[in-house]
$ cat start.cif   # mmCIF, C-alpha atoms
data_query
loop_
_atom_site.label_atom_id
_atom_site.label_comp_id
_atom_site.auth_asym_id
_atom_site.auth_seq_id
_atom_site.Cartn_x
_atom_site.Cartn_y
_atom_site.Cartn_z
CA MET H 8 73.55 193.93 -89.36
CA PRO H 9 77.19 192.92 -89.86
CA SER H 10 78.60 190.40 -87.42
CA LYS H 11 81.28 191.48 -84.97
CA VAL H 12 82.82 187.99 -85.11
CA LYS H 13 86.34 188.29 -86.51
CA TYR H 14 87.09 184.60 -86.93
CA ARG H 15 85.94 181.24 -85.60
CA THR H 16 88.50 178.85 -84.20
CA LYS H 17 88.22 175.41 -82.69
CA GLN H 18 89.28 176.81 -79.30
CA ARG H 19 86.58 179.48 -79.50
CA GLU H 20 83.93 176.85 -80.25
CA ILE H 21 85.11 174.65 -77.36
CA LEU H 22 85.02 177.65 -75.01
CA LEU H 23 81.58 178.68 -76.25
CA ASP H 24 80.24 175.13 -75.87
CA TYR H 25 81.41 175.15 -72.24
CA LEU H 26 79.91 178.57 -71.52
CA LYS H 27 76.55 177.46 -72.93
CA THR H 28 76.41 174.77 -70.24
CA ILE H 29 76.52 177.40 -67.47
CA PRO H 30 74.11 180.20 -68.44
CA GLY H 31 73.53 182.76 -65.72
CA VAL H 32 76.59 181.64 -63.75
CA HIS H 33 79.30 184.18 -63.00
CA ILE H 34 82.80 182.87 -63.57
CA THR H 35 86.22 184.42 -63.77
CA ALA H 36 88.78 183.85 -66.50
CA GLY H 37 90.75 181.95 -63.88
CA ASP H 38 87.77 179.64 -63.31
CA VAL H 39 87.60 178.96 -67.05
CA CYS H 40 91.34 178.27 -67.23
CA GLU H 41 91.08 175.89 -64.27
CA TYR H 42 88.13 174.06 -65.86
CA PHE H 43 90.02 173.46 -69.12
CA ARG H 44 93.21 172.52 -67.25
CA GLU H 45 91.20 169.88 -65.31
CA GLN H 46 89.75 168.63 -68.61
CA GLY H 47 93.25 168.22 -70.03
CA SER H 48 92.52 170.76 -72.76
CA SER H 49 95.32 172.49 -74.61
CA ILE H 50 93.57 175.89 -74.71
CA GLY H 51 96.07 178.42 -73.41
CA GLN H 52 95.40 181.06 -70.80
CA SER H 53 96.01 183.97 -73.19
CA THR H 54 93.59 182.42 -75.72
CA ILE H 55 90.92 182.12 -73.03
CA TYR H 56 91.35 185.73 -71.92
CA ARG H 57 91.31 186.98 -75.53
CA GLN H 58 88.25 184.92 -76.46
CA LEU H 59 86.32 186.00 -73.34
CA GLU H 60 86.89 189.65 -74.24
CA GLN H 61 85.86 188.97 -77.85
CA LEU H 62 82.66 187.28 -76.66
CA VAL H 63 81.92 190.33 -74.49
CA ASP H 64 82.40 192.58 -77.54
CA GLU H 65 79.98 190.38 -79.48
CA GLY H 66 77.33 190.55 -76.74
CA ILE H 67 77.51 186.82 -75.99
CA LEU H 68 78.97 187.37 -72.52
CA ASN H 69 78.31 190.02 -69.93
CA LYS H 70 81.37 191.24 -68.07
CA TYR H 71 81.14 192.52 -64.50
CA THR H 72 84.01 194.43 -62.97
CA ILE H 73 83.24 194.32 -59.29
CA GLY H 74 86.07 196.35 -57.85
CA ALA H 75 89.77 197.07 -57.75
CA GLY H 76 91.74 193.95 -56.97
CA SER H 77 88.86 191.62 -57.84
CA PRO H 78 88.90 189.64 -61.07
CA ALA H 79 86.19 190.43 -63.61
CA CYS H 80 83.28 188.00 -63.76
CA PHE H 81 81.75 186.79 -67.00
CA GLU H 82 78.23 185.49 -67.60
CA TYR H 83 76.97 183.71 -70.71
CA VAL H 84 73.81 185.29 -72.13
CA ASP H 85 71.84 183.60 -74.86
CA ARG H 86 71.33 186.22 -77.59
CA GLU H 87 67.82 185.01 -78.43
CA SER H 88 66.53 185.14 -74.85
CA HIS H 89 68.71 187.98 -73.58
CA GLY H 90 66.02 190.59 -74.15
CA ASP H 91 63.53 188.52 -72.15
CA ARG H 92 65.80 187.96 -69.17
CA GLU H 93 65.04 189.49 -65.82
CA THR H 94 67.43 192.26 -64.84
CA CYS H 95 70.02 191.15 -62.32
CA PHE H 96 71.69 193.56 -59.94
CA HIS H 97 74.69 192.64 -57.81
CA CYS H 98 75.75 193.01 -54.20
CA LYS H 99 79.35 192.52 -53.10
CA CYS H 100 80.31 191.72 -49.53
CA GLU H 101 83.17 193.95 -48.49
CA LYS H 102 84.38 191.40 -45.95
CA CYS H 103 84.37 187.99 -47.68
CA GLY H 104 83.99 189.08 -51.32
CA LYS H 105 80.78 187.13 -51.94
CA LEU H 106 78.96 188.25 -55.10
CA ILE H 107 75.19 188.10 -54.77
CA HIS H 108 72.92 188.05 -57.83
CA LEU H 109 69.95 190.13 -56.83
CA HIS H 110 66.61 189.89 -58.63
CA CYS H 111 64.51 192.40 -56.74
CA HIS H 112 61.42 194.26 -57.90
CA GLU H 113 62.08 197.11 -55.46
CA ILE H 114 65.39 197.83 -57.20
CA GLU H 115 63.54 197.78 -60.54
CA GLU H 116 61.26 200.45 -59.05
CA LEU H 117 64.35 202.44 -58.00
CA LYS H 118 65.69 202.14 -61.54
CA GLU H 119 62.40 203.45 -62.95
CA HIS H 120 62.33 206.26 -60.36
CA LEU H 121 65.84 207.37 -61.26
CA GLN H 122 64.90 207.47 -64.95
CA GLY H 123 61.52 209.14 -64.54
CA HIS H 124 62.31 211.69 -61.84
CA HIS H 125 65.99 212.35 -62.31
CA GLY H 126 66.65 211.56 -65.98
CA PHE H 127 69.27 209.01 -64.97
CA SER H 128 69.47 205.56 -66.54
CA LEU H 129 70.88 202.95 -64.17
CA ASP H 130 72.96 200.22 -65.83
CA PRO H 131 72.36 196.97 -63.90
CA ILE H 132 75.34 195.28 -65.52
CA ARG H 133 77.67 197.87 -64.00
CA THR H 134 75.77 198.55 -60.76
CA VAL H 135 77.13 196.90 -57.64
CA PHE H 136 75.88 197.54 -54.11
CA TYR H 137 78.57 197.19 -51.44
CA GLY H 138 77.99 196.13 -47.85
CA LEU H 139 78.05 192.99 -45.70
CA CYS H 140 76.37 189.70 -46.53
CA GLY H 141 74.21 187.98 -43.94
CA GLN H 142 76.92 185.43 -43.10
CA CYS H 143 79.53 188.11 -42.41
CA GLU H 144 77.07 190.08 -40.31
CA LYS H 145 76.69 186.92 -38.21
CA GLY H 146 80.46 186.33 -38.15
CA ASP H 147 80.50 183.46 -40.71
CA ASP H 148 82.79 184.53 -43.61
CA ARG H 149 82.63 181.60 -46.06
CA GLY H 150 82.20 183.85 -49.12
CA GLY H 151 81.23 182.74 -52.64
CA ILE H 152 78.44 183.52 -55.06
CA SER H 153 74.78 183.60 -54.11
CA HIS H 154 71.49 184.06 -55.98
CA GLU H 155 68.89 186.12 -54.13
CA LYS H 156 65.32 187.14 -54.90
#

$ encode --input "start.cif" --output "structure tokens"
Amino acid sequence: MPSKVKYRTKQREILLDYLKTIPGVHITAGDVCEYFREQGSSIGQSTIYRQLEQLVDEGILNKYTIGAGSPACFEYVDRESHGDRETCFHCKCEKCGKLIHLHCHEIEELKEHLQGHHGFSLDPIRTVFYGLCGQCEKGDDRGGISHEK
């Protein structure tokens, strides 16, 4: 199978090395830019954005577009173990914007039901459930990213 990699640059390798240290973590391009700015790196913002999109095209990153006005999130996925990874669905709080990683067997059953009974294949990478997180329901709107089982 031919590689989708167009070219390898030092900046790409530095970015990839960083992403490998945070597997399974959702970050925005802005988060990546801020990280490299804090490290004193000379990688430019446009290079980061371009490389992130290239890594998505190559299947090294997953990209989640949560909604209008929200920045896309990226997640490093190890190619070798990607097929063995548990499916992760996402919930987005409509009040504080918290993104919740949801590993839930009941949703897996829903996915199987949709396929088997309705001929519809649910894409967990693009599926986001909207509602209110527990903190916002209680009146505490700190926001952020959460991992739920």

$ closest_residue --input "start.cif" --among "H:Lys70, H:His112, H:His120, H:Arg57" --to "Leu22 in chain H" --atoms "only C-alpha atoms"
H:Arg57

$ resolve_selection --input "start.cif" --expression "the PyMOL selection byres ((chain H and resi 23-31) around 10)" --output "list in words"
Lys17, Gln18, Arg19, Glu20, Ile21, Leu22, Val32, His33, Ile34, Val39, Tyr42, Phe43, Gln58, Leu59, Leu62, Ile67, Leu68, Asn69, Phe81, Glu82, Tyr83, Val84, Asp85, Arg92, Cys95 and His108 of chain H

$ residues_around --input "start.cif" --residues "Thr35 in chain H" --least-positions-apart "5" --cutoff "7 Å" --atoms "only C-alpha atoms" --output "VMD selection string"
chain H and resid 78 to 81

$ atom_distance --input "start.cif" --atom1 "CA of Pro131 in chain H" --atom2 "CA of Phe96 in chain H"
5.3 Å

$ atom_distance --input "start.cif" --atom1 "CA of Cys111 in chain H" --atom2 "CA of Leu139 in chain H"
17.5 Å

$ closest_residue --input "start.cif" --among "H:Ala75, H:Cys100, H:Thr54, H:Asp38" --to "Thr16 in chain H" --atoms "only C-alpha atoms"
H:Thr54

$ closest_residue --input "start.cif" --among "H:Cys40, H:Gly138, H:Ser53, H:Glu115" --to "Lys99 in chain H" --atoms "only C-alpha atoms"
H:Gly138

$ resolve_selection --input "start.cif" --expression "the PyMOL selection byres ((chain H and resi 102) around 8)" --output "list of chain:residue names"
H:Cys100, H:Glu101, H:Cys103, H:Gly104, H:Leu139, H:Cys143, H:Asp148

$ atom_distance --input "start.cif" --atom1 "CA of Cys140 in chain H" --atom2 "CA of His110 in chain H"
15.5 Å

$ residues_near_point --input "start.cif" --point "(69.7, 202.0, -54.6)" --cutoff "12 Å" --atoms "all atoms listed in the file" --output "PyMOL selection string"
chain H and resi 96-98+111-121+129-131+134-137

$ decode --input "start.cif" --residues "range 21-61 of chain H" --atoms "N, CA and C atoms" --output "PDB file, in the first residue's frame"
ATOM      1  N   ILE H  21       9.040  16.741  15.093  1.00  0.00           N
ATOM      2  CA  ILE H  21       8.914  17.324  16.430  1.00  0.00           C
ATOM      3  C   ILE H  21       7.451  17.294  16.873  1.00  0.00           C
ATOM      4  N   LEU H  22       6.545  17.671  15.979  1.00  0.00           N
ATOM      5  CA  LEU H  22       5.115  17.649  16.275  1.00  0.00           C
ATOM      6  C   LEU H  22       4.653  16.221  16.578  1.00  0.00           C
ATOM      7  N   LEU H  23       5.065  15.290  15.753  1.00  0.00           N
ATOM      8  CA  LEU H  23       4.672  13.893  15.938  1.00  0.00           C
ATOM      9  C   LEU H  23       5.225  13.335  17.249  1.00  0.00           C
ATOM     10  N   ASP H  24       6.459  13.671  17.584  1.00  0.00           N
ATOM     11  CA  ASP H  24       7.038  13.231  18.858  1.00  0.00           C
ATOM     12  C   ASP H  24       6.205  13.743  20.032  1.00  0.00           C
ATOM     13  N   TYR H  25       5.762  14.995  19.957  1.00  0.00           N
ATOM     14  CA  TYR H  25       4.914  15.551  21.017  1.00  0.00           C
ATOM     15  C   TYR H  25       3.580  14.809  21.084  1.00  0.00           C
ATOM     16  N   LEU H  26       2.941  14.616  19.944  1.00  0.00           N
ATOM     17  CA  LEU H  26       1.630  13.959  19.925  1.00  0.00           C
ATOM     18  C   LEU H  26       1.694  12.533  20.476  1.00  0.00           C
ATOM     19  N   LYS H  27       2.801  11.860  20.251  1.00  0.00           N
ATOM     20  CA  LYS H  27       2.968  10.492  20.763  1.00  0.00           C
ATOM     21  C   LYS H  27       3.010  10.450  22.283  1.00  0.00           C
ATOM     22  N   THR H  28       3.329  11.581  22.919  1.00  0.00           N
ATOM     23  CA  THR H  28       3.370  11.619  24.382  1.00  0.00           C
ATOM     24  C   THR H  28       1.990  11.795  24.997  1.00  0.00           C
ATOM     25  N   ILE H  29       0.985  12.078  24.159  1.00  0.00           N
ATOM     26  CA  ILE H  29      -0.370  12.324  24.685  1.00  0.00           C
ATOM     27  C   ILE H  29      -1.417  11.503  23.940  1.00  0.00           C
ATOM     28  N   PRO H  30      -1.223  10.189  23.804  1.00  0.00           N
ATOM     29  CA  PRO H  30      -2.226   9.386  23.094  1.00  0.00           C
ATOM     30  C   PRO H  30      -3.565   9.402  23.821  1.00  0.00           C
ATOM     31  N   GLY H  31      -4.637   9.470  23.052  1.00  0.00           N
ATOM     32  CA  GLY H  31      -5.970   9.443  23.635  1.00  0.00           C
ATOM     33  C   GLY H  31      -6.437  10.765  24.206  1.00  0.00           C
ATOM     34  N   VAL H  32      -5.591  11.794  24.151  1.00  0.00           N
ATOM     35  CA  VAL H  32      -5.954  13.106  24.678  1.00  0.00           C
ATOM     36  C   VAL H  32      -6.445  13.972  23.522  1.00  0.00           C
ATOM     37  N   HIS H  33      -7.554  14.654  23.727  1.00  0.00           N
ATOM     38  CA  HIS H  33      -8.069  15.564  22.704  1.00  0.00           C
ATOM     39  C   HIS H  33      -7.474  16.940  22.916  1.00  0.00           C
ATOM     40  N   ILE H  34      -6.877  17.465  21.869  1.00  0.00           N
ATOM     41  CA  ILE H  34      -6.282  18.792  21.913  1.00  0.00           C
ATOM     42  C   ILE H  34      -6.706  19.573  20.679  1.00  0.00           C
ATOM     43  N   THR H  35      -6.667  20.871  20.789  1.00  0.00           N
ATOM     44  CA  THR H  35      -6.958  21.719  19.636  1.00  0.00           C
ATOM     45  C   THR H  35      -5.643  22.164  19.017  1.00  0.00           C
ATOM     46  N   ALA H  36      -5.720  22.686  17.818  1.00  0.00           N
ATOM     47  CA  ALA H  36      -4.524  23.243  17.179  1.00  0.00           C
ATOM     48  C   ALA H  36      -3.972  24.381  18.030  1.00  0.00           C
ATOM     49  N   GLY H  37      -4.862  25.147  18.643  1.00  0.00           N
ATOM     50  CA  GLY H  37      -4.429  26.220  19.529  1.00  0.00           C
ATOM     51  C   GLY H  37      -3.648  25.695  20.724  1.00  0.00           C
ATOM     52  N   ASP H  38      -4.081  24.549  21.269  1.00  0.00           N
ATOM     53  CA  ASP H  38      -3.348  23.928  22.381  1.00  0.00           C
ATOM     54  C   ASP H  38      -1.937  23.550  21.942  1.00  0.00           C
ATOM     55  N   VAL H  39      -1.825  22.998  20.738  1.00  0.00           N
ATOM     56  CA  VAL H  39      -0.520  22.591  20.213  1.00  0.00           C
ATOM     57  C   VAL H  39       0.368  23.817  20.014  1.00  0.00           C
ATOM     58  N   CYS H  40      -0.193  24.862  19.432  1.00  0.00           N
ATOM     59  CA  CYS H  40       0.571  26.101  19.226  1.00  0.00           C
ATOM     60  C   CYS H  40       1.057  26.654  20.562  1.00  0.00           C
ATOM     61  N   GLU H  41       0.186  26.660  21.560  1.00  0.00           N
ATOM     62  CA  GLU H  41       0.546  27.167  22.883  1.00  0.00           C
ATOM     63  C   GLU H  41       1.658  26.324  23.499  1.00  0.00           C
ATOM     64  N   TYR H  42       1.572  25.001  23.364  1.00  0.00           N
ATOM     65  CA  TYR H  42       2.605  24.118  23.894  1.00  0.00           C
ATOM     66  C   TYR H  42       3.965  24.465  23.286  1.00  0.00           C
ATOM     67  N   PHE H  43       4.027  24.567  21.964  1.00  0.00           N
ATOM     68  CA  PHE H  43       5.308  24.847  21.313  1.00  0.00           C
ATOM     69  C   PHE H  43       5.797  26.267  21.600  1.00  0.00           C
ATOM     70  N   ARG H  44       4.877  27.204  21.753  1.00  0.00           N
ATOM     71  CA  ARG H  44       5.262  28.570  22.118  1.00  0.00           C
ATOM     72  C   ARG H  44       5.918  28.555  23.506  1.00  0.00           C
ATOM     73  N   GLU H  45       5.312  27.803  24.460  1.00  0.00           N
ATOM     74  CA  GLU H  45       5.869  27.699  25.816  1.00  0.00           C
ATOM     75  C   GLU H  45       7.224  27.004  25.818  1.00  0.00           C
ATOM     76  N   GLN H  46       7.439  26.104  24.848  1.00  0.00           N
ATOM     77  CA  GLN H  46       8.711  25.390  24.751  1.00  0.00           C
ATOM     78  C   GLN H  46       9.777  26.218  24.041  1.00  0.00           C
ATOM     79  N   GLY H  47       9.393  27.371  23.517  1.00  0.00           N
ATOM     80  CA  GLY H  47      10.328  28.220  22.798  1.00  0.00           C
ATOM     81  C   GLY H  47      10.633  27.704  21.401  1.00  0.00           C
ATOM     82  N   SER H  48       9.756  26.875  20.866  1.00  0.00           N
ATOM     83  CA  SER H  48       9.960  26.284  19.546  1.00  0.00           C
ATOM     84  C   SER H  48       9.629  27.287  18.445  1.00  0.00           C
ATOM     85  N   SER H  49      10.313  27.133  17.334  1.00  0.00           N
ATOM     86  CA  SER H  49      10.096  28.044  16.206  1.00  0.00           C
ATOM     87  C   SER H  49       9.066  27.517  15.208  1.00  0.00           C
ATOM     88  N   ILE H  50       8.331  26.465  15.555  1.00  0.00           N
ATOM     89  CA  ILE H  50       7.311  25.944  14.643  1.00  0.00           C
ATOM     90  C   ILE H  50       6.181  26.958  14.555  1.00  0.00           C
ATOM     91  N   GLY H  51       5.867  27.380  13.341  1.00  0.00           N
ATOM     92  CA  GLY H  51       4.843  28.389  13.138  1.00  0.00           C
ATOM     93  C   GLY H  51       3.433  27.824  13.193  1.00  0.00           C
ATOM     94  N   GLN H  52       2.494  28.694  13.467  1.00  0.00           N
ATOM     95  CA  GLN H  52       1.094  28.313  13.581  1.00  0.00           C
ATOM     96  C   GLN H  52       0.571  27.665  12.297  1.00  0.00           C
ATOM     97  N   SER H  53       0.883  28.250  11.150  1.00  0.00           N
ATOM     98  CA  SER H  53       0.387  27.692   9.887  1.00  0.00           C
ATOM     99  C   SER H  53       0.983  26.305   9.637  1.00  0.00           C
ATOM    100  N   THR H  54       2.236  26.105  10.032  1.00  0.00           N
ATOM    101  CA  THR H  54       2.867  24.780   9.886  1.00  0.00           C
ATOM    102  C   THR H  54       2.147  23.769  10.758  1.00  0.00           C
ATOM    103  N   ILE H  55       1.824  24.152  11.979  1.00  0.00           N
ATOM    104  CA  ILE H  55       1.116  23.243  12.888  1.00  0.00           C
ATOM    105  C   ILE H  55      -0.235  22.865  12.308  1.00  0.00           C
ATOM    106  N   TYR H  56      -1.006  23.843  11.867  1.00  0.00           N
ATOM    107  CA  TYR H  56      -2.320  23.561  11.295  1.00  0.00           C
ATOM    108  C   TYR H  56      -2.196  22.637  10.073  1.00  0.00           C
ATOM    109  N   ARG H  57      -1.255  22.937   9.206  1.00  0.00           N
ATOM    110  CA  ARG H  57      -1.057  22.139   7.991  1.00  0.00           C
ATOM    111  C   ARG H  57      -0.651  20.706   8.338  1.00  0.00           C
ATOM    112  N   GLN H  58       0.279  20.568   9.275  1.00  0.00           N
ATOM    113  CA  GLN H  58       0.752  19.232   9.651  1.00  0.00           C
ATOM    114  C   GLN H  58      -0.347  18.432  10.359  1.00  0.00           C
ATOM    115  N   LEU H  59      -1.141  19.066  11.198  1.00  0.00           N
ATOM    116  CA  LEU H  59      -2.242  18.356  11.852  1.00  0.00           C
ATOM    117  C   LEU H  59      -3.201  17.781  10.811  1.00  0.00           C
ATOM    118  N   GLU H  60      -3.544  18.590   9.823  1.00  0.00           N
ATOM    119  CA  GLU H  60      -4.456  18.109   8.770  1.00  0.00           C
ATOM    120  C   GLU H  60      -3.817  16.973   7.972  1.00  0.00           C
ATOM    121  N   GLN H  61      -2.525  17.078   7.705  1.00  0.00           N
ATOM    122  CA  GLN H  61      -1.819  16.017   6.987  1.00  0.00           C
ATOM    123  C   GLN H  61      -1.833  14.722   7.800  1.00  0.00           C
TER     124      GLN H  61
END
